[in-house]
>>> print(open('target_9.cif').read())   # mmCIF, C-alpha atoms
data_work
loop_
_atom_site.label_atom_id
_atom_site.label_comp_id
_atom_site.auth_asym_id
_atom_site.auth_seq_id
_atom_site.Cartn_x
_atom_site.Cartn_y
_atom_site.Cartn_z
CA MET H 1 96.39 153.61 -3.59
CA LEU H 2 95.13 153.72 -7.19
CA ARG H 3 98.72 153.29 -8.38
CA ASN H 4 99.06 150.09 -6.31
CA ILE H 5 95.80 148.69 -7.67
CA ILE H 6 96.89 149.41 -11.25
CA LEU H 7 100.31 147.83 -10.62
CA GLN H 8 98.73 144.71 -9.08
CA ILE H 9 96.42 144.28 -12.07
CA LEU H 10 99.31 144.78 -14.48
CA GLN H 11 101.50 142.35 -12.52
CA PHE H 12 98.80 139.69 -12.82
CA PHE H 13 98.65 140.10 -16.62
CA TYR H 14 102.42 140.43 -16.95
CA GLN H 15 103.15 136.81 -15.99
CA PRO H 16 102.75 135.32 -19.51
CA PHE H 17 104.88 138.12 -21.00
CA SER H 18 107.65 138.13 -18.38
CA LYS H 19 110.00 136.02 -20.49
CA VAL H 20 109.64 138.15 -23.63
CA MET H 21 109.69 141.74 -22.35
CA PRO H 22 110.86 143.80 -19.39
CA TRP H 23 108.36 144.89 -16.73
CA GLN H 24 108.69 148.56 -17.69
CA THR H 25 107.99 147.87 -21.35
CA PHE H 26 104.89 145.90 -20.40
CA ARG H 27 103.70 148.72 -18.13
CA TYR H 28 104.22 151.22 -20.96
CA LEU H 29 102.36 149.05 -23.47
CA ALA H 30 99.49 148.42 -21.07
CA CYS H 31 99.12 152.01 -19.83
CA GLY H 32 99.88 153.58 -23.18
CA GLY H 33 97.63 151.07 -24.90
CA GLY H 34 94.79 151.81 -22.51
CA ASN H 35 95.24 155.55 -22.95
CA THR H 36 95.44 155.08 -26.72
CA VAL H 37 92.22 153.07 -26.79
CA LEU H 38 90.62 155.83 -24.70
CA ASP H 39 91.98 158.42 -27.15
CA ILE H 40 90.64 156.62 -30.23
CA ALA H 41 87.26 156.00 -28.57
CA LEU H 42 86.96 159.64 -27.51
CA TYR H 43 88.08 160.76 -30.97
CA SER H 44 85.45 158.60 -32.66
CA ILE H 45 82.71 159.73 -30.26
CA CYS H 46 83.63 163.39 -30.69
CA TYR H 47 83.93 163.13 -34.47
CA ASN H 48 80.77 161.10 -35.07
CA LEU H 49 78.41 161.90 -32.21
CA VAL H 50 79.43 165.29 -30.81
CA LEU H 51 80.55 167.12 -33.94
CA HIS H 52 78.46 165.07 -36.38
CA LYS H 53 81.34 165.23 -38.89
CA GLN H 54 80.64 168.94 -39.36
CA ILE H 55 83.08 171.84 -39.61
CA VAL H 56 83.59 173.65 -36.30
CA HIS H 57 83.32 177.43 -36.54
CA LEU H 58 85.50 179.25 -34.00
CA GLY H 59 84.98 182.89 -34.84
CA ALA H 60 87.33 183.67 -37.72
CA ILE H 61 88.66 180.10 -37.83
CA ASP H 62 86.92 177.10 -39.36
CA MET H 63 88.27 173.75 -38.23
CA SER H 64 87.46 170.42 -39.83
CA ALA H 65 85.69 167.95 -37.57
CA HIS H 66 88.50 165.41 -37.72
CA ILE H 67 91.01 167.98 -36.42
CA ALA H 68 88.64 169.38 -33.77
CA ALA H 69 87.95 165.84 -32.50
CA LEU H 70 91.71 165.29 -32.24
CA PHE H 71 92.05 168.23 -29.82
CA MET H 72 88.92 167.29 -27.88
CA ALA H 73 90.21 163.78 -27.22
CA MET H 74 93.64 165.08 -26.21
CA ALA H 75 92.08 167.30 -23.54
CA VAL H 76 91.31 164.09 -21.65
CA THR H 77 94.23 161.88 -22.62
CA PHE H 78 96.96 164.44 -21.83
CA PRO H 79 96.45 164.33 -18.04
CA THR H 80 95.72 160.60 -17.92
CA GLY H 81 98.81 159.88 -20.01
CA PHE H 82 101.06 162.02 -17.82
CA LEU H 83 99.80 160.54 -14.57
CA LEU H 84 100.11 156.96 -15.81
CA SER H 85 103.61 157.64 -17.16
CA LYS H 86 104.80 159.39 -14.01
CA TYR H 87 103.33 157.09 -11.38
CA VAL H 88 103.01 153.69 -13.09
CA VAL H 89 105.41 153.38 -16.02
CA PHE H 90 108.44 155.54 -15.27
CA SER H 91 108.10 155.84 -11.49
CA GLU H 92 111.83 155.27 -10.98
CA SER H 93 112.65 158.58 -12.67
CA ASN H 94 114.40 160.89 -10.23
CA LEU H 95 113.73 164.09 -12.17
CA ARG H 96 111.62 166.69 -10.38
CA GLY H 97 107.90 166.50 -11.09
CA ARG H 98 107.77 169.96 -12.63
CA VAL H 99 110.65 169.07 -14.97
CA GLN H 100 108.81 165.90 -15.98
CA LEU H 101 105.59 167.86 -16.54
CA PHE H 102 107.36 170.53 -18.61
CA ARG H 103 109.12 167.89 -20.71
CA TYR H 104 105.89 165.92 -21.07
CA PHE H 105 104.12 169.12 -22.14
CA MET H 106 106.83 169.72 -24.77
CA LEU H 107 106.56 166.11 -25.93
CA VAL H 108 102.79 166.37 -26.19
CA GLY H 109 103.20 169.60 -28.17
CA ILE H 110 105.41 167.77 -30.65
CA CYS H 111 102.95 164.85 -30.67
CA ILE H 112 100.07 167.25 -31.36
CA LEU H 113 102.01 168.64 -34.31
CA LEU H 114 102.79 165.12 -35.54
CA ASN H 115 99.14 164.10 -35.06
CA TYR H 116 97.99 167.15 -37.01
CA LEU H 117 100.46 166.60 -39.85
CA PHE H 118 99.78 162.87 -40.12
CA MET H 119 96.00 163.39 -39.96
CA LYS H 120 96.21 166.02 -42.69
CA MET H 121 98.30 163.63 -44.75
CA PHE H 122 96.21 160.50 -44.19
CA VAL H 123 92.75 162.12 -44.37
CA ASP H 124 93.17 165.13 -46.64
CA GLN H 125 95.90 163.88 -48.98
CA LEU H 126 95.54 160.09 -49.00
CA HIS H 127 91.73 160.15 -48.40
CA PHE H 128 91.68 157.64 -45.54
CA TYR H 129 88.50 157.48 -43.48
CA PRO H 130 89.28 159.69 -40.44
CA THR H 131 89.13 156.94 -37.80
CA ILE H 132 91.47 154.74 -39.87
CA GLY H 133 93.77 157.75 -40.37
CA LYS H 134 93.74 158.28 -36.61
CA ILE H 135 94.77 154.67 -35.99
CA PHE H 136 97.75 154.92 -38.37
CA THR H 137 98.69 158.31 -36.93
CA THR H 138 98.53 156.93 -33.40
CA ALA H 139 100.82 154.01 -34.23
CA LEU H 140 103.53 156.34 -35.55
CA VAL H 141 103.22 158.85 -32.73
CA VAL H 142 103.25 156.15 -30.01
CA ILE H 143 106.63 154.83 -31.17
CA PHE H 144 108.09 158.34 -31.11
CA SER H 145 106.49 159.07 -27.73
CA TYR H 146 107.81 155.93 -26.00
CA LEU H 147 111.37 156.55 -27.07
CA THR H 148 111.19 160.21 -26.05
CA GLN H 149 109.62 159.49 -22.65
CA LYS H 150 112.13 156.79 -21.80
CA LYS H 151 115.23 158.73 -22.90
CA PHE H 152 114.20 162.31 -22.06
CA THR H 153 110.96 163.08 -20.21
CA PHE H 154 111.20 160.46 -17.44
CA LYS H 155 114.84 159.47 -17.66
CA VAL H 156 116.74 158.43 -14.59
CA LYS H 157 119.42 161.02 -13.93
CA GLN H 158 122.74 159.48 -12.90
CA GLN H 159 123.76 160.55 -9.41
CA ALA H 160 127.24 162.07 -9.12
#
>>> encode(input="target_9.cif", output="structure tokens")
Amino acid sequence: MLRNIILQILQFFYQPFSKVMPWQTFRYLACGGGNTVLDIALYSICYNLVLHKQIVHLGAIDMSAHIAALFMAMAVTFPTGFLLSKYVVFSESNLRGRVQLFRYFMLVGICILLNYLFMKMFVDQLHFYPTIGKIFTTALVVIFSYLTQKKFTFKVKQQA
């Protein structure tokens, strides 16, 4: 039911874009964009209001606030991203759900690594403000993620 409501809302907003992009691309941009906005908002809230820009002490490990906030936000956006991708964006995929989940998990693992490396580069090396670094990081990772999801995680397997 929720899937149908989301699709109806997206269909309404798709009309002006129907001549310039395919329906699936629009669904990905809308769902991925919404999840990305959620991710950046959660990141900013965690970094500024929850962690107060302070180092997080985890026993023998000290983690900078901008990296801890990255993982905190992903704890929410991983499941929402998977569910939106599976049921709204790439619903025509005929791969088994557990295969999709495993592949999505692998993709997210790679995206976590990319997020970490880009954040370290933008914030620690190039001295960007963390939220700005997160925005640049997100743009790069989203491009990689879309291509990987379309061609690997949720691909449509040809029937023999």
>>> atom_distance(input="target_9.cif", atom1="atom CA of Ile143 of chain H", atom2="atom CA of Leu83 of chain H")
18.8 Å
>>> closest_residue(input="target_9.cif", among="H:Ser18, H:Thr131, H:Gln149, H:Gln24", to="Asp39 of chain H", atoms="only C-alpha atoms")
H:Thr131
>>> resolve_selection(input="target_9.cif", expression="the PyMOL selection byres ((chain H and resi 89) around 6)", output="MDAnalysis selection string")
chainID H and resid 27:28 85 88 90:91
>>> residues_near_point(input="target_9.cif", point="(101.5, 160.9, -18.8)", cutoff="12 Å", atoms="all atoms listed in the file", output="ChimeraX atom specification")
/H:28,31-32,34-36,74,76-91,97,100-108,145-146,149-150,153-154
>>> residues_around(input="target_9.cif", residues="Ala68 of chain H", least_positions_apart="5", cutoff="10 Å", atoms="all atoms listed in the file", output="JSON, numbers by chain")
{"H": [43, 46, 47, 51, 53, 54, 55, 56, 62, 63, 73]}
>>> closest_residue(input="target_9.cif", among="H:Ile67, H:Ala41, H:Leu7, H:Ala75", to="Ile135 of chain H", atoms="all atoms listed in the file")
H:Ala41
>>> atom_distance(input="target_9.cif", atom1="atom CA of Lys155 of chain H", atom2="atom CA of Val99 of chain H")
10.8 Å
>>> atom_distance(input="target_9.cif", atom1="atom CA of Ala65 of chain H", atom2="atom CA of Phe144 of chain H")
25.2 Å
>>> closest_residue(input="target_9.cif", among="H:Phe152, H:Ile110, H:Asn94, H:Ile40", to="Lys134 of chain H", atoms="all atoms listed in the file")
H:Ile40
>>> closest_residue(input="target_9.cif", among="H:Ala69, H:Met21, H:Met119, H:Ile5", to="Ser44 of chain H", atoms="all atoms listed in the file")
H:Ala69
>>> closest_residue(input="target_9.cif", among="H:Val142, H:Phe136, H:Arg98, H:Ile45", to="Cys111 of chain H", atoms="only C-alpha atoms")
H:Val142
>>> residues_around(input="target_9.cif", residues="Val156 of chain H", least_positions_apart="5", cutoff="7 Å", atoms="only C-alpha atoms", output="ChimeraX atom specification")
/H:92-95
